[in-house]
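Coordinates as given in query18.txt (compact mmCIF, C-alpha atoms):
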# COMPACT_ATOMS: atom_id res chain seq x y z
CA MET A 30 -2.26 11.05 -45.35
CA GLY A 31 -4.42 9.92 -42.38
CA SER A 32 -3.19 8.14 -39.28
CA ASP A 33 -5.03 4.98 -40.31
CA ARG A 34 -2.78 4.71 -43.40
CA LEU A 35 0.53 5.06 -41.57
CA THR A 36 2.38 2.64 -39.35
CA VAL A 37 5.19 3.24 -36.94
CA ARG A 38 7.58 1.69 -39.46
CA GLU A 39 6.53 4.21 -42.14
CA ILE A 40 7.06 7.11 -39.72
CA ALA A 41 10.50 5.69 -38.92
CA ARG A 42 11.31 5.51 -42.67
CA LEU A 43 10.12 9.08 -43.29
CA ALA A 44 12.18 10.41 -40.38
CA GLY A 45 15.20 8.27 -41.20
CA VAL A 46 15.32 6.65 -37.76
CA SER A 47 14.63 3.28 -36.17
CA VAL A 48 11.23 2.08 -35.03
CA ALA A 49 12.48 2.12 -31.42
CA THR A 50 13.39 5.82 -31.76
CA VAL A 51 9.88 6.67 -32.99
CA SER A 52 8.49 4.75 -30.02
CA ARG A 53 10.68 6.66 -27.57
CA VAL A 54 9.72 10.03 -29.04
CA SER A 55 5.97 9.30 -29.25
CA ASN A 56 5.97 7.94 -25.70
CA GLY A 57 8.16 10.73 -24.31
CA VAL A 58 10.70 8.41 -22.71
CA GLY A 59 14.30 7.39 -23.22
CA GLN A 60 17.36 9.21 -24.52
CA VAL A 61 16.99 10.84 -27.96
CA SER A 62 19.02 13.78 -29.31
CA GLU A 63 17.14 17.03 -29.73
CA GLU A 64 17.75 17.09 -33.48
CA THR A 65 16.41 13.54 -33.91
CA ARG A 66 13.44 14.27 -31.68
CA ARG A 67 12.49 17.30 -33.78
CA ARG A 68 12.77 15.28 -37.00
CA VAL A 69 10.55 12.50 -35.68
CA GLN A 70 8.06 14.93 -34.21
CA ARG A 71 7.85 16.77 -37.55
CA ALA A 72 7.05 13.53 -39.38
CA ILE A 73 4.43 12.65 -36.75
CA GLU A 74 2.74 16.05 -36.98
CA GLU A 75 2.87 16.33 -40.77
CA HIS A 76 1.21 12.96 -41.28
CA GLY A 77 -1.19 13.03 -38.34
CA TYR A 78 0.26 9.86 -36.90
CA ARG A 79 -1.22 8.57 -33.66
CA PRO A 80 0.77 5.65 -32.23
CA ASP A 81 -1.03 2.39 -31.69
CA HIS A 82 -0.39 1.24 -28.13
CA LEU A 83 -0.01 -2.46 -28.90
CA GLY A 84 2.03 -1.84 -32.03
CA ARG A 85 4.32 0.53 -30.19
CA ALA A 86 4.91 -1.95 -27.40
CA LEU A 87 5.63 -4.80 -29.80
CA ALA A 88 7.94 -2.65 -31.91
CA ALA A 89 9.93 -1.74 -28.82
CA GLY A 90 10.10 -5.36 -27.70
CA ARG A 91 7.77 -4.70 -24.78
CA HIS A 92 4.42 -5.97 -23.58
CA GLY A 93 2.84 -2.58 -22.89
CA ALA A 94 1.70 -3.81 -19.48
CA VAL A 95 2.84 -3.93 -15.87
CA GLY A 96 1.76 -6.28 -13.11
CA LEU A 97 0.35 -5.48 -9.68
CA VAL A 98 0.60 -8.30 -7.12
CA PHE A 99 -1.69 -8.18 -4.08
CA PRO A 100 -2.57 -10.72 -1.39
CA GLY A 101 -6.28 -10.00 -2.05
CA LEU A 102 -8.64 -7.24 -3.17
CA SER A 103 -11.27 -6.95 -0.44
CA GLY A 104 -11.89 -3.65 1.32
CA PRO A 105 -11.48 0.04 0.48
CA TYR A 106 -7.71 0.10 1.06
CA PHE A 107 -6.90 -2.01 -2.00
CA SER A 108 -9.49 -0.16 -4.06
CA GLU A 109 -7.68 3.11 -3.31
CA LEU A 110 -4.33 1.55 -4.20
CA ILE A 111 -5.61 0.29 -7.55
CA GLN A 112 -7.10 3.67 -8.44
CA GLY A 113 -3.88 5.48 -7.54
CA PHE A 114 -1.76 3.04 -9.54
CA GLU A 115 -3.97 3.00 -12.64
CA ALA A 116 -4.24 6.79 -12.68
CA GLU A 117 -0.50 6.91 -13.35
CA ALA A 118 -0.40 3.98 -15.78
CA VAL A 119 -3.12 5.48 -17.99
CA HIS A 120 -0.87 8.46 -18.79
CA THR A 121 1.54 6.14 -20.59
CA ARG A 122 -1.22 3.95 -22.05
CA THR A 123 0.11 1.02 -20.07
CA SER A 124 -2.20 -1.81 -19.12
CA VAL A 125 -2.27 -3.05 -15.53
CA HIS A 126 -2.61 -6.77 -14.81
CA ILE A 127 -3.55 -7.73 -11.24
CA LEU A 128 -2.71 -11.01 -9.56
CA CYS A 129 -4.06 -11.96 -6.11
CA THR A 130 -2.08 -14.60 -4.25
CA HIS A 131 -4.41 -15.48 -1.37
CA LEU A 132 -5.53 -19.12 -1.24
CA ARG A 133 -2.96 -20.04 -3.93
CA ASP A 134 -0.55 -22.79 -2.93
CA ASP A 135 1.67 -21.98 -5.92
CA SER A 136 1.52 -18.19 -5.57
CA ASP A 137 5.28 -17.60 -5.97
CA ALA A 138 5.32 -19.62 -9.20
CA GLU A 139 2.28 -17.71 -10.47
CA VAL A 140 4.00 -14.37 -9.83
CA VAL A 141 7.16 -15.52 -11.63
CA GLU A 142 5.05 -16.62 -14.58
CA MET A 143 3.31 -13.24 -14.63
CA ALA A 144 6.71 -11.51 -14.73
CA ARG A 145 7.34 -13.12 -18.11
CA ARG A 146 4.24 -11.41 -19.57
CA VAL A 147 4.75 -7.82 -18.34
CA ASP A 148 7.37 -5.06 -18.43
CA GLY A 149 7.58 -4.67 -14.66
CA LEU A 150 5.98 -5.69 -11.37
CA ALA A 151 4.75 -3.83 -8.31
CA VAL A 152 4.56 -6.34 -5.47
CA PHE A 153 2.67 -5.62 -2.26
CA GLY A 154 4.94 -6.02 0.77
CA GLY A 155 4.95 -9.47 2.35
CA THR A 156 3.12 -11.07 -0.58
CA VAL A 157 6.07 -13.11 -1.85
CA SER A 158 9.30 -14.25 -0.23
CA PRO A 159 12.57 -12.24 -0.47
CA ASP A 160 14.07 -15.03 -2.60
CA THR A 161 11.18 -14.75 -5.05
CA LEU A 162 11.56 -10.96 -5.15
CA ARG A 163 15.19 -11.40 -6.15
CA GLU A 164 14.18 -13.91 -8.81
CA LEU A 165 11.58 -11.49 -10.15
CA ALA A 166 14.06 -8.59 -10.18
CA ALA A 167 16.34 -10.66 -12.41
CA LEU A 168 13.50 -10.89 -14.97
CA VAL A 169 11.87 -7.42 -14.93
CA PRO A 170 12.00 -4.17 -12.95
CA VAL A 171 10.33 -4.67 -9.56
CA VAL A 172 9.11 -2.16 -6.96
CA VAL A 173 7.81 -3.20 -3.55
CA LEU A 174 4.61 -1.40 -2.57
CA ALA A 175 3.92 -0.83 1.15
CA GLY A 176 6.90 -2.83 2.33
CA GLU A 177 10.64 -3.27 2.01
CA GLY A 178 12.52 -5.26 -0.58
CA PRO A 179 15.92 -6.96 -0.51
CA PRO A 180 18.99 -4.89 -1.47
CA GLY A 181 18.71 -3.54 -4.99
CA VAL A 182 14.90 -3.69 -5.12
CA PRO A 183 13.28 -0.25 -4.64
CA SER A 184 10.29 0.24 -2.39
CA VAL A 185 7.64 2.83 -1.57
CA ARG A 186 5.86 2.74 1.78
CA ALA A 187 4.16 4.95 4.33
CA GLU A 188 5.68 5.65 7.74
CA ASN A 189 4.31 3.24 10.35
CA VAL A 190 6.52 3.02 13.45
CA ALA A 191 6.59 6.65 14.55
CA ALA A 192 2.93 7.11 13.58
CA ALA A 193 1.83 4.19 15.76
CA THR A 194 4.05 5.52 18.55
CA ALA A 195 2.37 8.93 18.39
CA LEU A 196 -1.10 7.37 18.38
CA THR A 197 -0.33 5.10 21.33
CA ARG A 198 1.33 7.90 23.31
CA HIS A 199 -1.82 9.96 22.81
CA LEU A 200 -3.85 7.22 24.49
CA LEU A 201 -1.32 6.56 27.25
CA ALA A 202 -0.21 10.10 28.07
CA ASP A 203 -3.14 12.32 27.08
CA HIS A 204 -5.94 9.98 28.14
CA GLY A 205 -4.11 8.09 30.89
CA LEU A 206 -5.18 4.68 29.55
CA ARG A 207 -3.41 1.50 30.63
CA GLY A 208 -3.65 -2.15 29.62
CA LEU A 209 -4.09 -1.36 25.92
CA VAL A 210 -4.35 -4.28 23.49
CA PHE A 211 -2.93 -4.29 19.96
CA VAL A 212 -5.29 -5.99 17.51
CA GLY A 213 -3.53 -7.39 14.43
CA ASP A 214 -0.87 -9.90 13.43
CA PRO A 215 2.67 -8.52 12.94
CA ARG A 216 3.84 -11.83 11.47
CA ASN A 217 1.90 -11.41 8.23
CA SER A 218 2.49 -7.82 7.13
CA PRO A 219 5.41 -5.34 7.08
CA ASP A 220 2.91 -2.54 7.79
CA VAL A 221 1.49 -4.28 10.86
CA THR A 222 5.02 -5.13 11.99
CA GLY A 223 5.86 -1.43 12.07
CA ARG A 224 2.64 -0.50 13.86
CA TRP A 225 3.18 -3.15 16.52
CA GLU A 226 6.74 -1.89 17.02
CA GLY A 227 5.45 1.68 17.43
CA PHE A 228 2.84 0.47 19.93
CA ARG A 229 5.63 -1.08 22.01
CA ASP A 230 7.91 1.95 21.58
CA ALA A 231 5.30 4.25 23.13
CA HIS A 232 5.24 2.10 26.26
CA ARG A 233 9.05 2.10 26.42
CA GLN A 234 9.26 5.87 26.01
CA LEU A 235 6.83 6.43 28.90
CA GLY A 236 8.57 3.92 31.16
CA LEU A 237 5.57 1.58 31.19
CA PRO A 238 5.64 -2.23 31.18
CA LEU A 239 5.77 -3.69 27.69
CA PRO A 240 2.35 -4.78 26.42
CA ARG A 241 1.27 -8.39 26.12
CA ALA A 242 1.37 -10.13 22.74
CA PRO A 243 -1.19 -8.82 20.25
CA LEU A 244 -4.55 -10.37 19.60
CA ARG A 245 -3.66 -11.94 16.27
CA VAL A 246 -6.45 -11.49 13.75
CA GLY A 247 -6.72 -10.59 10.06
CA LEU A 248 -7.34 -7.18 8.58
CA GLU A 249 -10.98 -7.30 7.52
CA GLN A 250 -14.06 -6.00 9.29
CA HIS A 251 -15.27 -9.45 10.34
CA ASP A 252 -11.88 -9.97 12.03
CA GLY A 253 -12.59 -6.89 14.14
CA VAL A 254 -15.99 -8.28 15.12
CA PHE A 255 -14.27 -11.50 16.16
CA ALA A 256 -11.68 -9.52 18.15
CA ALA A 257 -14.42 -7.61 19.98
CA ASP A 258 -16.08 -10.89 20.93
CA GLN A 259 -12.79 -12.26 22.24
CA LEU A 260 -11.73 -9.17 24.20
CA LEU A 261 -15.08 -8.11 25.59
CA SER A 262 -15.89 -11.58 26.89
CA ARG A 263 -12.87 -11.48 29.21
CA ALA A 264 -13.40 -11.13 32.94
CA ALA A 265 -11.38 -7.91 32.77
CA PRO A 266 -11.82 -6.46 29.24
CA PRO A 267 -9.33 -3.85 28.06
CA ARG A 268 -10.07 -0.14 28.32
CA GLY A 269 -8.67 0.55 24.86
CA VAL A 270 -7.55 -1.16 21.66
CA VAL A 271 -5.11 -0.06 18.96
CA CYS A 272 -6.20 -1.82 15.77
CA ALA A 273 -3.76 -2.52 12.95
CA ASN A 274 -6.07 -0.89 10.39
CA ASP A 275 -9.38 0.92 10.09
CA GLU A 276 -11.35 -2.06 8.78
CA THR A 277 -10.53 -4.04 11.91
CA ALA A 278 -11.38 -1.00 14.05
CA LEU A 279 -14.77 -0.64 12.33
CA GLY A 280 -15.45 -4.29 13.11
CA MET A 281 -14.56 -3.57 16.74
CA LEU A 282 -17.16 -0.80 16.79
CA VAL A 283 -19.78 -3.19 15.43
CA GLY A 284 -18.85 -5.90 17.93
CA ALA A 285 -18.84 -3.46 20.84
CA ALA A 286 -22.27 -2.10 19.92
CA ALA A 287 -23.67 -5.63 19.74
CA ARG A 288 -22.61 -6.15 23.37
CA GLY A 289 -23.89 -2.80 24.57
CA VAL A 290 -20.33 -1.52 25.11
CA ARG A 291 -20.10 2.24 24.59
CA VAL A 292 -17.24 3.79 22.61
CA PRO A 293 -15.40 5.71 23.96
CA ALA A 294 -17.04 5.70 27.42
CA ASP A 295 -16.40 2.00 28.03
CA LEU A 296 -13.86 1.19 25.31
CA VAL A 297 -11.48 3.35 23.29
CA VAL A 298 -10.99 2.18 19.69
CA THR A 299 -8.40 3.45 17.18
CA GLY A 300 -7.40 2.41 13.68
CA PHE A 301 -4.85 3.13 10.96
CA ASP A 302 -5.23 4.29 7.30
CA ASP A 303 -8.07 6.86 7.55
CA ILE A 304 -10.31 5.24 4.97
CA PRO A 305 -13.37 7.39 4.07
CA MET A 306 -15.70 5.45 6.39
CA ALA A 307 -13.51 6.32 9.41
CA ALA A 308 -14.90 9.87 9.46
CA LEU A 309 -18.51 8.79 8.82
CA VAL A 310 -19.14 6.24 11.56
CA SER A 311 -20.38 7.20 15.01
CA PRO A 312 -18.26 7.82 16.94
CA ALA A 313 -15.84 8.98 14.25
CA LEU A 314 -12.62 6.96 14.35
CA THR A 315 -9.32 8.23 15.72
CA THR A 316 -6.71 6.89 13.32
CA VAL A 317 -3.54 7.60 11.34
CA ARG A 318 -3.93 8.99 7.85
CA GLN A 319 -1.63 7.59 5.23
CA PRO A 320 -1.60 8.85 1.61
CA VAL A 321 -2.86 5.62 0.03
CA ARG A 322 -3.35 6.90 -3.52
CA GLU A 323 -0.05 8.76 -3.47
CA LEU A 324 1.60 5.59 -2.19
CA ALA A 325 0.35 3.70 -5.23
CA GLY A 326 0.97 6.59 -7.61
CA ARG A 327 4.60 6.98 -6.56
CA THR A 328 5.07 3.24 -6.94
CA ALA A 329 3.58 3.31 -10.44
CA ARG A 330 5.73 6.23 -11.57
CA LEU A 331 8.89 4.59 -10.30
CA LEU A 332 8.00 1.28 -11.95
CA LEU A 333 6.99 2.84 -15.27
CA ARG A 334 10.24 4.80 -15.47
CA ALA A 335 12.23 1.67 -14.77
CA ALA A 336 10.21 -0.35 -17.31
CA ALA A 337 10.86 2.34 -19.93
CA GLY A 338 14.60 2.07 -19.28
CA GLU A 339 14.92 5.62 -17.96
CA ASP A 340 18.08 6.59 -16.18
CA GLY A 341 17.90 7.58 -12.54
CA ALA A 342 15.36 5.00 -11.41
CA SER A 343 16.05 4.74 -7.70
CA ASP A 344 16.92 1.50 -5.97
CA GLY A 345 16.32 2.96 -2.53
CA ALA A 346 13.37 3.17 -0.16
CA LEU A 347 10.89 6.03 -0.36
CA VAL A 348 8.96 6.65 2.88
CA LEU A 349 5.86 8.87 2.78
CA PRO A 350 4.72 10.81 5.86
CA THR A 351 1.56 10.04 7.83
CA ASP A 352 -0.65 12.12 10.13
CA LEU A 353 -2.40 11.41 13.41
CA VAL A 354 -6.14 12.17 13.07
CA VAL A 355 -7.86 12.60 16.44
CA ARG A 356 -11.62 12.08 16.56
CA ARG A 357 -14.25 11.00 19.09
CA SER A 358 -13.55 7.26 19.34
CA CYS A 359 -10.59 7.92 21.66
CA GLY A 360 -12.55 10.29 23.88
CA CYS A 361 -11.47 13.60 22.36
CA ALA A 362 -14.16 16.20 21.79
CA ALA A 363 -15.19 16.77 18.18
CA ASN A 364 -13.96 19.97 16.57
CA THR A 365 -17.12 21.26 14.91
CA GLY A 366 -15.16 23.76 12.85
CA ALA A 367 -12.94 21.18 11.21
CA GLY A 368 -15.46 18.89 9.57
CA PRO A 369 -15.42 15.16 10.26
CA ALA A 370 -11.77 15.13 11.33
CA ALA A 371 -11.44 16.62 14.78
CA GLU A 372 -7.70 17.22 14.65
CA HIS A 373 -4.76 16.45 12.40
CA ARG A 374 -1.27 16.13 13.81
CA PRO A 375 1.96 15.24 12.03
CA ALA A 376 2.73 11.71 13.09
CA THR A 377 6.45 12.41 13.15
CA GLU A 378 9.63 12.16 11.24
CA HIS A 379 10.11 9.36 8.78
CA THR A 380 11.32 6.19 10.41
CA THR A 381 12.78 3.14 8.73
CA ILE A 382 10.73 0.04 9.49
CA THR A 383 12.64 -3.06 10.43
CA GLU A 384 11.36 -6.60 10.27
CA HIS A 385 10.10 -7.72 13.65
CA THR A 386 8.43 -10.97 14.50
CA THR A 387 7.22 -11.34 18.06
CA THR A 388 7.99 -14.56 19.91
CA GLU A 389 5.93 -13.78 22.98
CA HIS A 390 3.31 -16.23 24.15
CA ASP A 391 -0.06 -15.44 22.63
CA PRO A 392 -2.88 -16.83 24.76
CA THR A 393 -5.49 -15.98 22.13
CA ALA A 394 -3.87 -17.53 19.05
CA ALA A 395 -5.28 -21.00 19.54
CA GLY A 396 -8.84 -19.71 19.69
CA HIS A 397 -8.71 -17.76 16.43
CA ARG A 398 -10.03 -19.45 13.29
CA PRO A 399 -9.88 -16.94 10.41
CA ALA A 400 -12.62 -17.33 7.85
CA ALA A 401 -11.56 -18.83 4.54
CA GLY A 402 -10.01 -16.17 2.37
CA SER A 403 -9.45 -13.79 5.28
CA ARG A 404 -6.89 -11.15 4.39
CA THR A 405 -3.94 -11.08 6.76
CA ALA A 406 -1.21 -9.42 4.68
CA ARG A 407 -1.37 -5.64 4.44
Mind turning this structure into structure tokens?
Amino acid sequence: MGSDRLTVREIARLAGVSVATVSRVSNGVGQVSEETRRRVQRAIEEHGYRPDHLGRALAAGRHGAVGLVFPGLSGPYFSELIQGFEAEAVHTRTSVHILCTHLRDDSDAEVVEMARRVDGLAVFGGTVSPDTLRELAALVPVVVLAGEGPPGVPSVRAENVAAATALTRHLLADHGLRGLVFVGDPRNSPDVTGRWEGFRDAHRQLGLPLPRAPLRVGLEQHDGVFAADQLLSRAAPPRGVVCANDETALGMLVGAAARGVRVPADLVVTGFDDIPMAALVSPALTTVRQPVRELAGRTARLLLRAAAGEDGASDGALVLPTDLVVRRSCGCAANTGAGPAAEHRPATEHTTITEHTTTEHDPTAAGHRPAAGSRTAR
């Protein structure tokens, strides 16, 4: 009897079990006794049954899909996250629905509505409010990606504070730079919050005056070009900038080149993420490498286990390590034997990121007009 002539209900009848039990065995999830599992597996093998994804999901009272909530999709960072997440979901034949919240006045309501159509949600940190996260968690399993959730909501994120501290200390102690400027807005992103805190921590550890408020811009390349225009038009431009991510740093390189400013001779530029382009530009970008695909993959695995009702789904916070990658944009010599990356250093031990919103006066905030749709949450 061919697979096209059998349904999950017929396999359940042949094995003498419920439809839900056949679904658990065929999907490899849930608690089933060994004897029952063998009986179901025998019926599946004898009749050449191949479970239909939609039918299996409906029979188990599930949608067969999970949601992924982002602020936006522009840039290589989110592309890497999507690929890492979908690579895990495909193993369980689970569909991934993506919702972007930028430029939506009713974004929280849209996310809640999406939760009613999926088996679980991965929500990018800072995309919805803590109250909305709690509301979502009451409807479906929720995992926060690249951020922290309220108590009871698990999260997966990369280490930011200690990594940014190590990067900034490298500039301050190894290169003797002073008057560094942080480029990014800690108010809009848990990741940027941690990086700003690490930037400040490095100054504290070396007994240096605390830095001025950051130049608050978004996280796309055109924001870095804008930042370069703002900083390099000052009477006394900074000697170095620590950008909140690589895309902003690449924009800084473009803006500096347009003004005839040499990197690193006149201006040191660093980023965070280590996107592929960071090693390909000239000069190659000193940055912090975070495991973006692993970040998304771990999130997907945790969410899929929770959506399948597996025991042992953690409600804690998983923090992945990061590495300092030293290249030419900070003034270090290239290591010709190591390929594009001149040097890799462990950024440090894992550090818990705490929410931090600066209240310092920001003399540049009034002059910044982000372009419509500019991504600020990351």
Nearest residue to Val271 (chain A) from the set A:Gly300, A:Pro312, A:Pro219, A:Gly208 (distances using only C-alpha atoms)
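Between A:Gly300, A:Pro312, A:Pro219, A:Gly208, the residue approaching Val271 (chain A) most closely is A:Gly300.
For the residues A:Leu165, A:Arg263, A:Val95, A:Ala294, ranking by smallest atom-to-atom distance to Ala118 (chain A) using all atoms listed in the file places A:Val95 first.
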Could you work out how far CA of Leu102 (chain A) lies from CA of Arg133 (chain A), giving the answer in Å with one decimal?
14.0 Å
Expressed in Å to a single decimal, how great is the separation between CA of Gln250 (chain A) and CA of Gly104 (chain A)?
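Result for CA of Gln250 (chain A) versus CA of Gly104 (chain A): 8.6 Å, one decimal.
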Between A:Leu206, A:Ser358, A:Leu333, A:Asp148, which residue has the minimum interatomic distance to His120 (chain A), considering all atoms listed in the file?
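Using all atoms listed in the file, His120 (chain A) sits closest to A:Leu333.
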For CA of Cys361 (chain A) and CA of Pro293 (chain A), determine how far apart the two atoms are, in Å to one decimal place.
9.0 Å
Determine the nearest neighbour of Leu209 (chain A) from the options A:Pro159, A:Gly269, A:Gly101, A:Gly236, counting all atoms listed in the file.
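Of all the options, A:Gly269 lies closest to Leu209 (chain A).
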Find the residues with any atom within 10 Å of (-17.5, -6.0, 11.4); use all atoms listed in the file and the coordinates as given in the file, and write the answer as a ChimeraX atom specification.
/A:249-257,276-285
Just checking: using all atoms listed in the file, which residue out of A:Glu339, A:Asp295, A:Asp135, A:Glu39 ends up closest to Cys359 (chain A)?
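Between A:Glu339, A:Asp295, A:Asp135, A:Glu39, the residue approaching Cys359 (chain A) most closely is A:Asp295.
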When distances are computed from only C-alpha atoms, which of A:Ala202, A:Val298, A:Val172, A:Val270 shows the smallest separation from Gly326 (chain A)?
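Closest candidate: A:Val172.
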